[in-house]
Structures are given as structure tokens and as C-alpha cells.
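Student: Got final27.csv for you, CSV, C-alpha atoms and all ligand atoms:
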chain,number,residue,atom,x,y,z
A,798,MET,CA,67.0,52.0,186.0
A,799,SER,CA,69.4,49.5,184.7
A,800,CYS,CA,71.0,46.6,186.5
A,801,ASN,CA,74.5,47.6,185.8
A,802,SER,CA,74.7,49.8,188.8
A,803,ARG,CA,76.1,47.6,191.5
A,804,ALA,CA,79.1,49.9,191.5
A,805,GLN,CA,76.9,52.7,192.6
A,806,LEU,CA,75.9,50.9,195.7
A,807,CYS,CA,77.2,53.7,197.9
A,808,PHE,CA,75.0,56.3,196.3
A,809,LEU,CA,71.8,56.9,198.0
A,810,LEU,CA,69.4,58.3,195.5
A,811,LEU,CA,66.8,59.3,197.8
A,812,SER,CA,64.8,61.8,195.9
A,813,VAL,CA,61.2,61.6,196.9
A,814,THR,CA,59.3,63.3,194.2
A,815,ALA,CA,58.5,66.9,194.9
A,816,LEU,CA,55.1,67.8,196.0
A,817,ARG,CA,52.6,68.4,193.2
A,818,GLY,CA,49.1,69.8,193.7
A,819,GLN,CA,47.1,69.4,196.8
A,820,SER,CA,46.1,65.9,196.3
A,821,ARG,CA,45.7,64.0,199.5
A,822,TYR,CA,47.1,61.1,197.5
A,823,LEU,CA,50.6,60.4,198.2
A,824,ASP,CA,53.4,61.7,196.1
A,825,ALA,CA,55.7,59.7,198.3
A,826,GLN,CA,54.2,56.6,196.5
A,827,GLU,CA,55.9,57.8,193.4
A,828,ASN,CA,59.1,57.9,195.3
A,829,GLU,CA,62.1,57.7,193.0
A,830,ILE,CA,64.0,55.5,195.4
A,831,SER,CA,66.3,53.3,193.4
A,832,SER,CA,67.2,49.8,194.2
A,833,GLU,CA,70.7,50.9,195.2
A,834,GLY,CA,69.1,53.5,197.5
A,835,LEU,CA,67.0,50.8,198.9
A,836,PHE,CA,69.8,48.3,199.5
A,837,ALA,CA,71.9,51.1,201.1
A,838,LEU,CA,69.0,51.9,203.5
A,839,LEU,CA,68.4,48.3,204.2
A,840,ASN,CA,72.1,47.5,204.7
A,841,SER,CA,72.6,50.4,207.1
A,842,GLU,CA,69.5,49.3,209.0
A,843,LEU,CA,70.6,45.7,209.2
A,844,LYS,CA,74.1,46.7,210.4
A,845,ARG,CA,72.6,48.7,213.2
A,846,GLU,CA,73.8,47.6,216.6
A,847,LEU,CA,70.9,47.2,218.9
A,848,PRO,CA,71.3,48.5,222.4
A,849,GLU,CA,70.6,46.2,225.3
A,850,GLU,CA,67.6,48.2,226.5
A,851,TYR,CA,64.3,46.5,226.5
A,852,VAL,CA,62.6,48.8,224.1
A,853,TYR,CA,64.7,50.1,221.2
A,854,ARG,CA,63.8,53.8,220.5
A,855,ARG,CA,65.0,56.1,217.8
A,856,PRO,CA,63.8,59.1,215.8
A,857,LEU,CA,62.4,58.5,212.3
A,858,ARG,CA,63.7,60.3,209.2
A,859,CYS,CA,61.3,61.5,206.5
A,860,LEU,CA,62.6,58.7,204.3
A,861,ASP,CA,63.5,55.7,206.4
A,862,MET,CA,63.9,52.0,206.6
A,863,VAL,CA,63.1,50.1,209.8
A,864,ALA,CA,64.1,46.4,210.4
A,865,ALA,CA,64.4,46.4,214.2
A,866,GLU,CA,61.4,46.3,216.6
A,867,GLY,CA,61.0,49.3,218.8
A,868,GLN,CA,59.4,52.7,219.2
A,869,PHE,CA,59.9,55.3,216.5
A,870,THR,CA,59.2,59.0,216.8
A,871,PHE,CA,59.0,61.6,214.2
A,872,LYS,CA,59.0,65.4,215.0
A,873,ALA,CA,58.5,67.9,212.2
A,874,ASP,CA,60.8,70.9,212.5
A,875,HIS,CA,59.4,72.2,209.3
A,876,PRO,CA,56.5,71.1,207.1
A,877,GLN,CA,57.1,67.5,205.8
A,878,LEU,CA,54.8,66.7,203.0
A,879,ASN,CA,56.0,63.5,201.4
A,880,CYS,CA,57.5,61.1,203.9
A,881,ALA,CA,57.7,57.3,203.6
A,882,VAL,CA,59.1,54.7,206.0
A,883,PHE,CA,59.8,51.1,204.8
A,884,PHE,CA,59.3,48.3,207.4
A,885,ILE,CA,60.7,44.9,206.9
A,886,GLY,CA,60.8,41.7,208.9
A,887,GLU,CA,62.1,38.1,208.4
A,888,PRO,CA,60.3,36.0,205.9
A,889,ASN,CA,58.2,34.4,208.7
A,890,ASP,CA,57.1,37.7,210.2
A,891,ILE,CA,54.2,40.0,209.6
A,892,ILE,CA,54.5,43.7,210.6
A,893,SER,CA,52.4,45.2,213.4
A,894,ILE,CA,52.3,49.0,213.8
A,895,GLU,CA,50.7,50.5,216.9
A,896,TYR,CA,50.0,54.2,217.2
A,897,ASP,CA,51.3,55.6,220.5
A,898,SER,CA,51.1,59.3,220.8
A,899,ILE,CA,49.9,61.3,217.9
A,900,ASN,CA,50.0,65.0,217.6
A,901,ILE,CA,49.0,65.8,214.1
A,902,ASN,CA,46.2,68.0,212.6
A,903,CYS,CA,44.0,65.7,210.5
A,904,ARG,CA,41.6,68.6,209.7
A,905,GLU,CA,44.4,70.6,208.1
A,906,GLY,CA,45.3,67.7,205.8
A,907,ASP,CA,47.9,66.0,207.9
A,908,PHE,CA,47.8,62.2,207.7
A,909,ILE,CA,49.6,59.0,208.7
A,910,LYS,CA,48.7,56.0,206.5
A,911,VAL,CA,49.9,52.4,206.8
A,912,PHE,CA,50.1,50.5,203.5
A,913,ASP,CA,50.0,46.7,203.5
A,914,GLY,CA,53.1,46.1,201.4
A,915,TRP,CA,55.7,48.3,199.8
A,916,VAL,CA,55.4,51.0,197.1
A,917,MET,CA,58.4,51.9,195.1
A,918,LYS,CA,58.3,54.3,192.1
A,919,GLY,CA,54.5,53.8,192.0
A,920,GLU,CA,54.8,50.0,191.8
A,921,LYS,CA,53.3,47.8,194.6
A,922,PHE,CA,54.5,44.7,196.3
A,923,PRO,CA,52.6,42.3,196.6
A,924,SER,CA,50.9,43.0,193.2
A,925,SER,CA,47.1,43.0,193.2
A,926,GLN,CA,47.2,39.5,191.7
A,927,ASP,CA,49.1,38.2,194.7
A,928,HIS,CA,47.4,40.0,197.6
A,929,LEU,CA,44.2,38.7,199.1
A,930,LEU,CA,42.8,42.2,199.8
A,931,PRO,CA,41.6,44.7,197.2
A,932,LEU,CA,43.9,47.7,196.9
A,933,TYR,CA,41.8,50.2,198.8
A,934,GLU,CA,41.6,47.9,201.8
A,935,ARG,CA,45.4,47.8,202.0
A,936,TYR,CA,45.5,51.4,203.2
A,937,SER,CA,44.7,52.3,206.7
A,938,ASP,CA,44.5,56.0,207.5
A,939,TYR,CA,45.0,57.1,211.1
A,940,CYS,CA,42.8,60.1,210.5
A,941,ASP,CA,39.9,58.0,209.4
A,942,SER,CA,40.1,55.6,212.3
A,943,GLY,CA,38.3,58.0,214.6
A,944,GLU,CA,38.9,57.8,218.4
A,945,ALA,CA,40.0,54.2,218.3
A,946,HIS,CA,43.8,53.9,217.7
A,947,PRO,CA,44.1,50.5,216.2
A,948,VAL,CA,47.0,48.3,215.8
A,949,VAL,CA,47.5,47.8,212.0
A,950,ARG,CA,48.9,44.5,210.8
A,951,SER,CA,50.3,43.6,207.4
A,952,SER,CA,49.7,40.5,205.5
A,953,GLN,CA,53.4,39.8,204.8
A,954,ASN,CA,56.9,40.8,206.0
A,955,VAL,CA,56.8,44.3,204.6
A,956,ALA,CA,54.7,47.3,205.2
A,957,MET,CA,55.0,51.1,204.8
A,958,VAL,CA,54.0,54.2,206.6
A,959,PHE,CA,53.3,57.4,204.6
A,960,PHE,CA,52.8,60.6,206.4
A,961,ARG,CA,52.4,64.3,205.8
A,962,LEU,CA,52.7,67.0,208.5
A,963,HIS,CA,52.0,70.6,207.6
A,964,GLN,CA,53.1,72.3,210.8
A,965,SER,CA,56.4,72.3,212.6
A,966,GLY,CA,56.0,70.9,216.0
A,967,SER,CA,53.7,68.2,214.9
A,968,SER,CA,54.9,64.7,215.9
A,969,PHE,CA,53.9,61.1,216.4
A,970,SER,CA,55.3,57.9,217.8
A,971,ILE,CA,54.6,54.4,216.6
A,972,THR,CA,55.6,51.0,217.9
A,973,PHE,CA,56.8,48.4,215.4
A,974,ARG,CA,56.6,44.7,216.3
A,975,LYS,CA,57.2,41.5,214.3
A,976,VAL,CA,54.5,38.9,214.7
A,977,PHE,CA,55.2,35.2,213.8
A,978,ASN,CA,53.5,34.1,210.6
A,979,PRO,CA,53.3,30.3,210.3
A,980,PHE,CA,52.3,30.5,206.6
A,981,PRO,CA,54.3,33.2,204.8
A,982,CYS,CA,53.1,33.7,201.3
A,983,ASN,CA,54.5,36.9,199.9
A,984,VAL,CA,58.0,37.9,201.1
A,985,ILE,CA,60.7,40.4,200.3
A,986,SER,CA,64.1,39.0,201.3
A,987,GLN,CA,66.2,41.2,203.6
A,988,THR,CA,69.4,39.5,202.6
A,989,PRO,CA,71.1,38.7,199.2
A,990,GLU,CA,71.5,35.1,200.2
A,991,GLY,CA,69.2,32.6,201.8
A,992,ARG,CA,67.0,29.6,201.3
A,993,PHE,CA,63.3,29.2,201.4
A,994,SER,CA,60.5,26.7,200.9
A,995,MET,CA,57.3,28.2,199.6
A,996,VAL,CA,54.3,26.1,200.3
A,997,ILE,CA,50.7,26.8,199.3
A,998,PRO,CA,48.5,24.2,201.1
A,999,GLN,CA,45.5,23.8,199.0
A,1000,GLN,CA,44.6,27.4,198.8
A,1001,HIS,CA,43.5,29.3,195.7
A,1002,ARG,CA,46.1,32.0,195.9
A,1003,ASN,CA,49.4,33.3,194.5
A,1004,CYS,CA,52.6,33.8,196.4
A,1005,SER,CA,55.8,35.7,195.4
A,1006,TYR,CA,59.2,35.7,197.0
A,1007,SER,CA,61.1,38.7,195.9
A,1008,ILE,CA,64.9,39.1,196.1
A,1009,ILE,CA,65.9,42.7,195.5
A,1010,TYR,CA,69.5,41.9,194.5
A,1011,PRO,CA,71.1,40.4,191.4
A,1012,VAL,CA,71.5,36.7,192.4
A,1013,GLU,CA,72.2,33.2,191.3
A,1014,ILE,CA,69.1,31.2,192.2
A,1015,GLN,CA,69.0,27.5,192.5
A,1016,ILE,CA,65.6,25.7,192.4
A,1017,GLY,CA,66.2,22.5,194.4
A,1018,GLU,CA,62.8,20.9,194.7
A,1019,LEU,CA,59.5,21.4,193.1
A,1020,SER,CA,56.3,19.7,193.7
A,1021,LEU,CA,53.1,20.8,192.0
A,1022,GLY,CA,50.1,18.5,192.6
A,1023,HIS,CA,49.9,15.4,194.8
A,1024,HIS,CA,50.1,11.7,194.3
A,1025,ASN,CA,46.6,11.2,195.6
A,1026,ASP,CA,45.2,13.6,193.1
A,1027,LEU,CA,46.8,12.0,190.2
A,1028,LYS,CA,43.6,10.3,188.9
A,1029,ARG,CA,41.5,13.4,189.4
A,1030,SER,CA,44.1,15.4,187.6
A,1031,ILE,CA,44.2,13.2,184.6
A,1032,HIS,CA,40.4,13.1,184.3
A,1033,GLY,CA,39.5,16.6,185.2
A,1034,CYS,CA,42.6,18.3,183.8
A,1035,ALA,CA,42.7,19.9,187.2
A,1036,GLY,CA,45.6,21.9,188.2
A,1037,ALA,CA,46.5,23.1,184.8
A,1038,ARG,CA,46.5,26.5,186.3
A,1039,ASP,CA,49.1,25.7,188.9
A,1040,PHE,CA,52.6,26.9,188.0
A,1041,VAL,CA,55.8,28.2,189.3
A,1042,GLU,CA,57.6,31.0,187.4
A,1043,LEU,CA,60.9,32.7,187.9
A,1044,LEU,CA,60.6,36.4,187.1
A,1045,GLY,CA,63.2,39.1,186.5
A,1046,GLY,CA,62.8,42.9,186.3
A,1047,ASN,CA,63.7,46.2,187.7
A,1048,GLY,CA,60.5,47.1,189.6
A,1049,VAL,CA,58.6,45.5,192.5
A,1050,ASP,CA,55.3,44.7,190.8
A,1051,THR,CA,55.5,41.1,189.8
A,1052,SER,CA,52.7,41.5,187.1
A,1053,LYS,CA,55.1,43.9,185.3
A,1054,MET,CA,58.1,41.5,185.4
A,1055,PHE,CA,59.5,39.2,182.7
A,1056,PRO,CA,59.1,35.4,183.0
A,1057,MET,CA,62.5,33.6,182.7
A,1058,ILE,CA,61.3,30.1,183.4
A,1059,LEU,CA,57.9,28.6,183.8
A,1060,TYR,CA,56.9,25.2,185.2
A,1061,ILE,CA,53.4,24.2,184.5
A,1062,LEU,CA,51.6,21.4,186.1
A,1063,THR,CA,49.9,19.4,183.4
A,1064,ILE,CA,49.4,16.1,185.3
A,1065,TYR,CA,51.9,15.7,188.1
A,1066,ILE,CA,55.3,16.9,188.6
A,1067,MET,CA,57.6,16.3,191.5
A,1068,PHE,CA,61.3,16.2,191.0
A,1069,TYR,CA,64.5,17.0,192.7
A,1070,PHE,CA,66.9,18.7,190.5
A,1071,PRO,CA,69.4,21.3,191.3
A,1072,PHE,CA,68.7,23.8,188.6
A,1073,GLN,CA,70.4,27.2,188.6
A,1074,LEU,CA,70.3,30.5,186.8
A,1075,LYS,CA,72.0,33.8,187.2
A,1076,VAL,CA,69.7,36.7,187.1
A,1077,GLY,CA,71.3,40.1,186.6
A,1078,CYS,CA,68.2,42.1,187.5
A,1079,ASP,CA,67.4,44.4,190.4
A,1080,ASN,CA,64.6,42.1,191.4
A,1081,THR,CA,64.3,38.3,191.1
A,1082,VAL,CA,61.0,36.7,192.0
A,1083,VAL,CA,59.9,33.1,192.5
A,1084,ARG,CA,56.2,33.1,192.0
A,1085,MET,CA,53.7,30.3,192.5
A,1086,VAL,CA,50.1,30.3,191.2
A,1087,SER,CA,47.9,27.8,192.9
A,1088,SER,CA,44.4,26.6,192.1
A,1089,GLY,CA,43.7,25.3,195.6
A,1090,LYS,CA,43.4,21.7,194.4
A,1091,PHE,CA,46.9,20.7,195.5
A,1092,VAL,CA,49.6,21.2,198.0
A,1093,ASN,CA,52.3,23.0,196.0
A,1094,ARG,CA,55.8,23.5,197.1
A,1095,VAL,CA,59.0,24.9,195.7
A,1096,THR,CA,62.4,25.1,197.5
A,1097,PHE,CA,65.2,27.4,196.4
A,1098,GLN,CA,68.4,29.0,197.5
A,1099,TYR,CA,70.2,32.1,196.3
A,1100,ARG,CA,73.4,34.1,196.6
A,1101,LEU,CA,74.5,37.5,195.5
A,1102,LEU,CA,76.2,37.8,192.2
A,1103,GLY,CA,79.8,39.2,192.3
A,1104,HIS,CA,80.8,42.1,190.2
A,1105,GLN,CA,82.7,39.9,187.7
A,1106,GLU,CA,79.8,37.5,187.3
A,1107,LEU,CA,77.5,40.4,186.7
A,1108,ALA,CA,79.9,41.9,184.1
A,1109,LYS,CA,80.3,38.5,182.4
A,1110,LEU,CA,76.5,38.1,182.3
A,1111,LYS,CA,76.2,41.4,180.6
A,1112,ARG,CA,78.8,40.7,178.0
A,1113,ASN,CA,77.3,37.3,177.1
A,1114,SER,CA,73.7,38.3,177.0
A,1115,VAL,CA,72.5,39.2,173.5
A,1116,GLU,CA,69.2,40.5,174.6
A,1117,ASP,CA,69.0,41.0,178.3
A,1118,MET,CA,65.7,42.6,179.2
A,1119,CYS,CA,67.1,43.9,182.5
A,1120,LEU,CA,69.9,45.8,180.8
A,1121,SER,CA,67.7,47.6,178.4
A,1122,GLY,CA,65.7,49.4,181.0
A,1201,LIG,C1,46.8,34.6,190.5
A,1201,LIG,O1,47.4,35.2,189.4
A,1201,LIG,C2,46.8,34.9,188.1
A,1201,LIG,C3,47.7,35.5,187.0
A,1201,LIG,O2,49.0,35.0,187.1
A,1201,LIG,C4,45.5,35.5,188.1
A,1201,LIG,O3,44.8,35.2,186.9
A,1201,LIG,C5,44.6,35.0,189.2
A,1201,LIG,O4,43.4,35.7,189.3
A,1201,LIG,C6,45.4,35.2,190.6
A,1201,LIG,N1,44.7,34.5,191.6
A,1201,LIG,C7,44.2,35.0,192.7
A,1201,LIG,C8,43.6,34.2,193.7
A,1201,LIG,O5,44.3,36.2,192.9
Could you express the structure from this file as C-alpha cells?

Tutor:
Amino acid sequence: MSCNSRAQLCFLLLSVTALRGQSRYLDAQENEISSEGLFALLNSELKRELPEEYVYRRPLRCLDMVAAEGQFTFKADHPQLNCAVFFIGEPNDIISIEYDSININCREGDFIKVFDGWVMKGEKFPSSQDHLLPLYERYSDYCDSGEAHPVVRSSQNVAMVFFRLHQSGSSFSITFRKVFNPFPCNVISQTPEGRFSMVIPQQHRNCSYSIIYPVEIQIGELSLGHHNDLKRSIHGCAGARDFVELLGGNGVDTSKMFPMILYILTIYIMFYFPFQLKVGCDNTVVRMVSSGKFVNRVTFQYRLLGHQELAKLKRNSVEDMCLSG
């Protein structure tokens, strides 16, 4: 998938890969959904006018995007073997999915699974390097949950539901809620413009903020390390593993993206400098790696690149990794 496809925004390339084999594993994870397809889904979802009713209700499609809280029902009128629903909230939200009424046949191989993150074309967000849980713990399968019908919560503002129903007449309803997250770490931005401060308060973890649009990004403020730690840093060389990187690429797995800029903490950095860069990729990510010894912070803002800017960027770039995909 190349980046030079803003013009195709209207196309919705929603071909979820055809069913192969009887694997219980999900072909929908290999979904061929393109970034244009994703934006289009997202934009139509964000433009949705919400009715005034207390609980928003609507039917789900086999490939769907949900950004508004409410109750969502799927009814199979024929076998539906590879369905995937993307859920997204604001940066400060986590996603809660509650099973309401479920009428599926687990013994016949039906399933409903929640994934803690997004999977696009086989790539996962957050990547394994940025998520606190091992991969297998990020799946929760309704059919394995026995009699209890739990509420599943994500670790960040995105989650997915995969399902497979073999019989027409099978159906289920789930309720989606957004729950406030005071310390957002991994985020996918809903919008192509915004501003965010990413803070890792003395935790040994990595955080990625992903913008799935070609944007101009401005890094305003960066502080890695802390005054009080200065002495210790010099002596112990502590914090050498703390850094902020700006990544560009066409998938969602940050470990497969290309670094465009890297700030490494050697002793102590804190500066205010409007620094900006145009990134003509489908996905731009600000990623912070933190040793846990410092309070690290980066503040940035971004806006969508126009057609002309994007075209100019392409003309000028000798070797643009995002155009060669
Ligand atoms: C953070 O990412 C780095 C690679 O960038 C990796 O070596 C490290 O194990 C990750 N840290 C955690 C806590 O997962």
C-alpha cells in the first residue's frame, strides 16, 4: 500500500480475506482493510448524528467501525465466518465491551472474541513491545468464558471484536462504553489534527501515539529525565535507554515502522523547540521508550497534509520509504 492514495479516499477497500481452512484462528485478522478503507469507515462513523435517546442502538455489519457508545446487535441471515468490528474512543478512554444477549453455537465452532488493540493486515497495535500483556492474554473468547459473561476492558482507546457465526438466525448484542483513562499510554488518534502530551511517570514501559493519516507533526516540548536525577544519571549512565522516536510507515505495528527522528537521553534533555516535519505515510507514530527512572514527557501537535503538500513531498523526496511500499 503506498501513501500516494489520498485521492482514493472515497474507495472503501473492504475485502476481508476469504475463508481458508477450518482454523479457529481468525482470517479476519489478516483483513485487507486499507488505510483509506479505515479512514472512510472512521469518518462515516464520526459523522454519525447521534439520536437523543438515552441508549444509542444500531445493528452491526460484518466489517464495522464503532466510535459512539451504545448497544450493537448482529444477526446472521447467512453464515458469517470472518467478521471484525473496530472500536475506538478518545485518547483518554479505554474500551469496555459487555456481552448482553448471545445466541451463538460455541460447540459448532462459532465464536466472539475481543482483542485488546487493533489488527490490520495481520499487524497489531499496540505492538508486543508496547503492550503490558503477552499476546495470548490480549484475546478474550466468549466461548471460553463459561457461564460468566464478563465485561472485557481494553488497555487503550482501541479494541476489536472478531466473530464467526455458522448458522443463519444466530445473533448477539454487546454494549460498548468508554471508560476514562487518567494515564493513556498507547493511543490511535481518531482525527487527523490534534495535540497531545504523552507522559510516562517513572514506569518501565513504552507508549506509542499513532496517527493514521499523512500529517505535519510539530514536537513542541520534550523532557526526558529530571533535574533531580541529574547526578545519578551522570554517574550511573542511567536513562540511556530512554528515548523518543518519530516513526513512519504503512502498517500499524510500530516495531515494523521506520525511525525518522530519534531523541536519546544521554544525560538530561529538556527543551522547548517547535520542531516540525511532514510525514507522507499512512501512519505516523510518536513513540516513547522509558526505563522507569525518570518522568518523561513529550508534547506534540499535528494536522492533515493537503493534497498539494503531499504531492510536493513526493516530488522532493529522493528516497521516501513510504512511497516505495
Ligand atoms: C520497549 O521497547 C524496546 C525496544 O524499542 C524493548 O527492547 C523493550 O523490551 C520494551 N520495554 C518493555 C517494558 O516492553

Student: Could you give me, as a PyMOL selection string, the residues within 7 Å of region 1004-1018 of chain A, counting all atoms listed in the file and dropping anything in the same chain fewer than 2 positions from it?

Tutor: chain A and resi 927+982-986+989+1002+1020+1068-1086+1095-1102

Student: Could you give me, as a VMD selection string, every polymer residue with an atom at most 10 Å away from an atom of ligand LIG 1201 (chain A), counting all atoms listed in the file?

Tutor: chain A and resid 924 to 931 1000 to 1004 1038 to 1042 1051 to 1052 1084 to 1089

Student: Which neighbours of Gln987 (chain A) fall inside 10 Å, counting all atoms listed in the file, when residues of the same chain fewer than 5 positions from it are skipped, and could you give them as a list of chain:residue names?

Tutor: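 Residues meeting the cut-off are A:Phe836, A:Leu839, A:Asn840, A:Leu843, A:Ala864, A:Ile885, A:Gly886, A:Glu887, A:Pro888, A:Asn954, A:Val955, A:Ser1007, A:Ile1008, A:Ile1009, A:Tyr1010.
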
Student: Need to verify the contact set: region 965-973 of chain A, 8 Å, only C-alpha atoms, exclusion of same-chain residues closer than 6 positions in sequence. Can you return it as a ChimeraX atom specification?

Tutor: /A:865-876,892-902

Student: Is it possible to get the residues within 9 Å of (59.2, 27.4, 203.6) (coordinates as in the file, counting all atoms listed in the file) written as a PDB file with C-alpha atoms, in the frame of the given file?

Tutor:
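That gives us selection.pdb:
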ATOM      1  CA  PRO A 888      60.300  36.000 205.900  1.00  0.00           C
ATOM      2  CA  ASN A 889      58.200  34.400 208.700  1.00  0.00           C
ATOM      3  CA  PHE A 980      52.300  30.500 206.600  1.00  0.00           C
ATOM      4  CA  PRO A 981      54.300  33.200 204.800  1.00  0.00           C
ATOM      5  CA  ARG A 992      67.000  29.600 201.300  1.00  0.00           C
ATOM      6  CA  PHE A 993      63.300  29.200 201.400  1.00  0.00           C
ATOM      7  CA  SER A 994      60.500  26.700 200.900  1.00  0.00           C
ATOM      8  CA  MET A 995      57.300  28.200 199.600  1.00  0.00           C
ATOM      9  CA  VAL A 996      54.300  26.100 200.300  1.00  0.00           C
ATOM     10  CA  ARG A1094      55.800  23.500 197.100  1.00  0.00           C
ATOM     11  CA  VAL A1095      59.000  24.900 195.700  1.00  0.00           C
ATOM     12  CA  THR A1096      62.400  25.100 197.500  1.00  0.00           C
TER      13      THR A1096
END

Student: Go ahead and compute the interatomic distance for CA of Tyr853 (chain A) and CA of Phe883 (chain A), in Å to one decimal.

Tutor: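 The value is 17.1 Å.
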
Student: Using CA of Asp941 (chain A) and CA of Lys918 (chain A) as the two end points, give the distance in Å to one decimal.

Tutor: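 According to the coordinates, CA of Asp941 (chain A) and CA of Lys918 (chain A) are separated by 25.5 Å.
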